[in-house]
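Engineer: Would you mind keeping the following structure in view while I ask a few things?
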Amino acid sequence: MSRQLITGKMSLVGLMGWPVGHSLSPAMHNAAFNELGMDWLYLLFPVRPGEVEQALKGLVALNFVGCNVTVPHKEAAKRAADELSESARIIGAVNCIHIQEGRLFASNTDATGFSKSLQEAGCHPQGMRVAVLGAGGSSRAVVYALARAGAESVVVINRTIERAAVLVEDMADLFPGGALRFEPRTREAFVKLGDKVDLVVNATSIGMAPHVTACPWPEDVPMPANAFYYDLVYNPLETVFLARARAVGATGVDGLGMLLHQGVAAFEMWTGQPAPLEVMRQALYGQASQLGAMR
């Protein structure tokens with residue numbers, strides 16, 4: 001593997017999380033920088049919980065251009081930011097920071113990434129009845145994106161009912177008429193969906209490596225064949241959730257497209273240039289394929 005020499009003239013960005021060693025983001029961003037002949041480099045920053053504010057101050061002092069933020073730091077990064085975009089404020093979590101004149105401008109490109117990847121897959125949420133599994137930061141970004149896309153209704157299904165209730169309370173204004181509600185993650189909640197759901201989004205980590213045999217949908221409840229299924233998990237690309245959906249003849253999409261498009265949005269925010277989408281896609285999917293081959 002070639003190693004790029006860091007110089008004093010180089011513009012630096014990266015990913016802050018705990019852990020971050022599994023990330024595919026360096027592959028797509030560095031491929032984009034190389035394609036455009038830019039003296040930029042994307043790095044990984046393993047930052048322990050509780051040290052986010054200190055780490056961000058360090059990036060400012062070292063003249064970094066910005067960074068992505070992943071679990072478990074998205075809420076801490078929001079608190080440390082100097083200015084929030086509308087999406088970051090409403091979603092309540094940050095995944096992208098742009099440093100300008102020593103100030104931290106924070107946004108959430110997850111919602112954009114989700115919307116773009118859905119559109120690419122031929123799924124348009126306007127007027128759809130949607131079930132979102134999970135109530136964490138990713139779920140909040142998905143719900144925000146669905147509201148902006150004009151979904152008719154959204155039900156949030158989550159194991160911890162208190163967390164789902166907070167999500168619905170925080171984002172209810174995006175869905176006039178009580179079209180956003182929550183249900184506890186029980187067998188009955190999935191049975192109730194029946195054929196009254198058009199889109200099901202798994203925004204939990206259930207089914208992610210190394211727990212690849214797990215599935216957020218109950219084994220003894222049939223999955224509606226008329227629905228479109230989206231799994232934010234991308235390792236593995238073919239989760240049990242998606243395999244079961246395809247087995248009943250439904251369309252299923254993995255989360256790699258969301259990762260790609262949120263990265264494109266971050267790239268353009270930092271650089272002010274159009275991102276080489278296909279170069280980033282090729283690098284990302286190539287890296288994902290290698291990861292799958294190693295497992």
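Naming works like this for the structure tokens: A, B, ... for the chains as they're shown, residue 1 at the start of each chain, ligands 1 onward in shown order.
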Which residues, written as a PyMOL selection string, have at least one atom at most 10 Å from Val52 (chain A), with only C-alpha atoms counted and residues fewer than 6 positions away on the same chain left out?
Structural biologist: chain A and resi 16-17+58+69+72-77+79-80
Engineer: Write down as a VMD selection string the residues of region 21-258 of chain A whose backbone DSSP state falls under strand (DSSP E or B).
Structural biologist: chain A and resid 40 to 46 66 to 69 83 to 84 96 to 100 103 to 107 129 to 133 153 to 158 180 to 184 199 to 202 228 to 231 251 to 253
Engineer: Kindly export the residues of the current selection with C-alpha atoms, as a PDB file, in the first residue's frame.
Structural biologist:
```
ATOM      1  CA  TRP A  40      -5.512  17.094   0.111  1.00  0.00           C
ATOM      2  CA  LEU A  41      -5.556  14.072   2.409  1.00  0.00           C
ATOM      3  CA  TYR A  42      -8.327  12.329   4.365  1.00  0.00           C
ATOM      4  CA  LEU A  43      -7.232  10.758   7.664  1.00  0.00           C
ATOM      5  CA  LEU A  44      -8.783   8.748  10.496  1.00  0.00           C
ATOM      6  CA  PHE A  45      -8.946  10.112  14.063  1.00  0.00           C
ATOM      7  CA  PRO A  46      -9.794   7.628  16.835  1.00  0.00           C
ATOM      8  CA  GLY A  66     -12.823  20.080   8.581  1.00  0.00           C
ATOM      9  CA  CYS A  67     -13.869  16.575   9.479  1.00  0.00           C
ATOM     10  CA  ASN A  68     -16.626  14.017   9.405  1.00  0.00           C
ATOM     11  CA  VAL A  69     -18.015  12.787  12.719  1.00  0.00           C
ATOM     12  CA  GLU A  83     -22.772  27.365  14.259  1.00  0.00           C
ATOM     13  CA  LEU A  84     -25.331  24.740  13.180  1.00  0.00           C
ATOM     14  CA  CYS A  96     -19.791  17.041   9.085  1.00  0.00           C
ATOM     15  CA  ILE A  97     -17.780  20.041  10.285  1.00  0.00           C
ATOM     16  CA  HIS A  98     -16.225  22.782   8.170  1.00  0.00           C
ATOM     17  CA  ILE A  99     -13.577  24.917   9.896  1.00  0.00           C
ATOM     18  CA  GLN A 100     -13.458  28.519   8.686  1.00  0.00           C
ATOM     19  CA  ARG A 103     -14.891  28.552  13.804  1.00  0.00           C
ATOM     20  CA  LEU A 104     -16.696  25.200  13.645  1.00  0.00           C
ATOM     21  CA  PHE A 105     -19.613  25.180  11.196  1.00  0.00           C
ATOM     22  CA  ALA A 106     -21.562  21.952  11.692  1.00  0.00           C
ATOM     23  CA  SER A 107     -24.092  20.232   9.467  1.00  0.00           C
ATOM     24  CA  ARG A 129     -46.263   5.341   4.337  1.00  0.00           C
ATOM     25  CA  VAL A 130     -42.933   4.583   5.991  1.00  0.00           C
ATOM     26  CA  ALA A 131     -41.679   2.487   8.907  1.00  0.00           C
ATOM     27  CA  VAL A 132     -38.312   3.473  10.397  1.00  0.00           C
ATOM     28  CA  LEU A 133     -36.672   0.856  12.611  1.00  0.00           C
ATOM     29  CA  SER A 153     -46.693   9.211   7.374  1.00  0.00           C
ATOM     30  CA  VAL A 154     -43.841   7.699   9.402  1.00  0.00           C
ATOM     31  CA  VAL A 155     -43.957   5.241  12.284  1.00  0.00           C
ATOM     32  CA  VAL A 156     -40.775   4.862  14.343  1.00  0.00           C
ATOM     33  CA  ILE A 157     -40.403   1.354  15.776  1.00  0.00           C
ATOM     34  CA  ASN A 158     -37.841   1.073  18.556  1.00  0.00           C
ATOM     35  CA  LEU A 180     -45.269  10.940  12.834  1.00  0.00           C
ATOM     36  CA  ARG A 181     -45.782   8.394  15.621  1.00  0.00           C
ATOM     37  CA  PHE A 182     -43.927   5.609  17.434  1.00  0.00           C
ATOM     38  CA  GLU A 183     -44.475   1.987  18.382  1.00  0.00           C
ATOM     39  CA  PRO A 184     -42.541  -0.343  20.707  1.00  0.00           C
ATOM     40  CA  LEU A 199     -41.046   1.810   2.590  1.00  0.00           C
ATOM     41  CA  VAL A 200     -39.226   0.130   5.488  1.00  0.00           C
ATOM     42  CA  VAL A 201     -35.880   1.579   6.646  1.00  0.00           C
ATOM     43  CA  ASN A 202     -33.582  -0.312   9.004  1.00  0.00           C
ATOM     44  CA  PHE A 228     -39.361  -1.111  -0.673  1.00  0.00           C
ATOM     45  CA  TYR A 229     -36.646  -2.024   1.871  1.00  0.00           C
ATOM     46  CA  TYR A 230     -33.613   0.101   2.748  1.00  0.00           C
ATOM     47  CA  ASP A 231     -30.888  -1.075   5.135  1.00  0.00           C
ATOM     48  CA  THR A 251     -36.699  -4.493  -3.774  1.00  0.00           C
ATOM     49  CA  GLY A 252     -33.935  -3.970  -1.218  1.00  0.00           C
ATOM     50  CA  VAL A 253     -31.039  -1.502  -1.090  1.00  0.00           C
TER      51      VAL A 253
END
```
Engineer: Please identify all polymer residues within 10 Å of region 276-280 of chain A, counting only C-alpha atoms, omitting same-chain residues fewer than 5 positions from it, and present them as a tab-separated table (two decimals) with N, CA and C atoms, in the first residue's frame.
Structural biologist:
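Below is the file part28.tsv, written as the result:
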```tsv
chain	number	residue	atom	x	y	z
A	25	SER	N	-14.44	5.59	4.31
A	25	SER	CA	-14.41	6.97	3.82
A	25	SER	C	-13.07	7.41	3.26
A	27	ALA	N	-10.96	5.85	1.47
A	27	ALA	CA	-10.81	5.35	0.10
A	27	ALA	C	-11.51	6.27	-0.90
A	28	MET	N	-12.75	6.65	-0.60
A	28	MET	CA	-13.48	7.45	-1.60
A	28	MET	C	-13.00	8.90	-1.64
A	29	HIS	N	-12.66	9.48	-0.49
A	29	HIS	CA	-12.23	10.88	-0.49
A	29	HIS	C	-10.84	11.04	-1.11
A	30	ASN	N	-9.92	10.15	-0.74
A	30	ASN	CA	-8.57	10.27	-1.29
A	30	ASN	C	-8.54	9.96	-2.79
A	31	ALA	N	-9.42	9.08	-3.25
A	31	ALA	CA	-9.55	8.83	-4.69
A	31	ALA	C	-10.02	10.09	-5.41
A	32	ALA	N	-10.96	10.81	-4.77
A	32	ALA	CA	-11.47	12.05	-5.36
A	32	ALA	C	-10.37	13.12	-5.42
A	33	PHE	N	-9.62	13.26	-4.34
A	33	PHE	CA	-8.53	14.24	-4.33
A	33	PHE	C	-7.49	13.92	-5.41
A	34	ASN	N	-7.16	12.64	-5.53
A	34	ASN	CA	-6.18	12.23	-6.54
A	34	ASN	C	-6.69	12.49	-7.95
A	35	GLU	N	-7.97	12.21	-8.16
A	35	GLU	CA	-8.57	12.41	-9.49
A	35	GLU	C	-8.50	13.87	-9.92
A	36	LEU	N	-8.70	14.79	-8.97
A	36	LEU	CA	-8.72	16.21	-9.29
A	36	LEU	C	-7.36	16.87	-9.12
A	260	LEU	N	-21.91	7.03	0.34
A	260	LEU	CA	-21.34	7.72	-0.81
A	260	LEU	C	-21.84	9.15	-0.90
A	261	HIS	N	-23.15	9.34	-0.86
A	261	HIS	CA	-23.72	10.66	-1.12
A	261	HIS	C	-23.52	11.63	0.04
A	263	GLY	N	-20.82	11.58	1.71
A	263	GLY	CA	-19.42	11.93	1.47
A	263	GLY	C	-19.27	12.96	0.36
A	264	VAL	N	-20.07	12.82	-0.67
A	264	VAL	CA	-20.07	13.79	-1.78
A	264	VAL	C	-20.44	15.18	-1.25
A	267	PHE	N	-17.51	16.54	0.76
A	267	PHE	CA	-16.43	16.93	-0.15
A	267	PHE	C	-16.69	18.32	-0.74
A	268	GLU	N	-17.90	18.54	-1.22
A	268	GLU	CA	-18.22	19.80	-1.87
A	268	GLU	C	-18.27	20.95	-0.87
A	285	TYR	N	-17.04	1.26	-3.58
A	285	TYR	CA	-17.53	-0.10	-3.80
A	285	TYR	C	-16.36	-1.09	-3.96
A	286	GLY	N	-15.25	-0.60	-4.51
A	286	GLY	CA	-14.08	-1.46	-4.59
A	286	GLY	C	-13.54	-1.82	-3.22
```
Engineer: For CA of Ser138 (chain A) and CA of Ala203 (chain A), determine how far apart the two atoms are, in Å to one decimal place.
Structural biologist: 6.1 Å
Engineer: CA of Arg48 (chain A) to CA of Asp110 (chain A): how many Å, to one decimal?
Structural biologist: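 Calculated distance between CA of Arg48 (chain A) and CA of Asp110 (chain A) is 22.2 Å.
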Engineer: Would you work out the distance separating CA of Pro26 (chain A) from CA of Leu118 (chain A), expressed in Å to one decimal?
Structural biologist: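 Going from CA of Pro26 (chain A) over to CA of Leu118 (chain A) covers 23.2 Å.
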Engineer: Under the rule that only C-alpha atoms are counted, which of A:Ala283, A:Met208, A:Leu259, A:Ala145 is the nearest residue to Thr70 (chain A)?
Structural biologist: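 Closest to Thr70 (chain A) of all the choices is A:Leu259.
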Engineer: I want to know what sits within 9 Å of Tyr144 (chain A), based on only C-alpha atoms, with residues of the same chain fewer than 5 positions away left out; could you give that as JSON, numbers by chain?
Structural biologist: {"A": [87, 90, 91, 111, 139, 149, 171, 174]}
Engineer: What does the file look like for those residues with N, CA and C atoms, as an mmCIF file, in the first residue's frame?
Structural biologist:
```cif
data_model
loop_
_atom_site.group_PDB
_atom_site.id
_atom_site.type_symbol
_atom_site.label_atom_id
_atom_site.label_comp_id
_atom_site.auth_asym_id
_atom_site.auth_seq_id
_atom_site.Cartn_x
_atom_site.Cartn_y
_atom_site.Cartn_z
ATOM 1 N N SER A 87 -30.376 21.552 9.222
ATOM 2 C CA SER A 87 -30.519 20.101 9.343
ATOM 3 C C SER A 87 -29.908 19.588 10.643
ATOM 4 N N ILE A 90 -32.213 20.571 13.675
ATOM 5 C CA ILE A 90 -33.458 19.819 13.790
ATOM 6 C C ILE A 90 -33.194 18.345 14.076
ATOM 7 N N ILE A 91 -32.216 17.773 13.393
ATOM 8 C CA ILE A 91 -31.895 16.358 13.599
ATOM 9 C C ILE A 91 -31.297 16.136 14.980
ATOM 10 N N ALA A 111 -28.803 13.079 6.035
ATOM 11 C CA ALA A 111 -30.135 13.206 5.448
ATOM 12 C C ALA A 111 -30.040 13.349 3.930
ATOM 13 N N SER A 139 -31.541 7.405 12.566
ATOM 14 C CA SER A 139 -32.998 7.416 12.400
ATOM 15 C C SER A 139 -33.521 8.841 12.294
ATOM 16 N N ALA A 149 -38.981 15.088 1.898
ATOM 17 C CA ALA A 149 -39.378 14.446 0.638
ATOM 18 C C ALA A 149 -40.887 14.294 0.510
ATOM 19 N N MET A 171 -39.519 16.082 16.442
ATOM 20 C CA MET A 171 -39.677 16.253 14.998
ATOM 21 C C MET A 171 -41.129 16.254 14.537
ATOM 22 N N LEU A 174 -42.517 18.584 11.759
ATOM 23 C CA LEU A 174 -42.221 18.296 10.358
ATOM 24 C C LEU A 174 -43.348 17.514 9.692
#
```
Engineer: For a quick check of understanding, using only C-alpha atoms, which of A:Asp39, A:Ser23, A:Pro49, A:Ala189 has the smallest distance to Leu5 (chain A)?
Structural biologist: A:Asp39
Engineer: Between A:Ala266, A:Leu62, A:Ala275, A:Met258, which has the minimum distance to Lys116 (chain A) (counting only C-alpha atoms)?
Structural biologist: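 Looking at the shortest contact to Lys116 (chain A), the residue is A:Met258.
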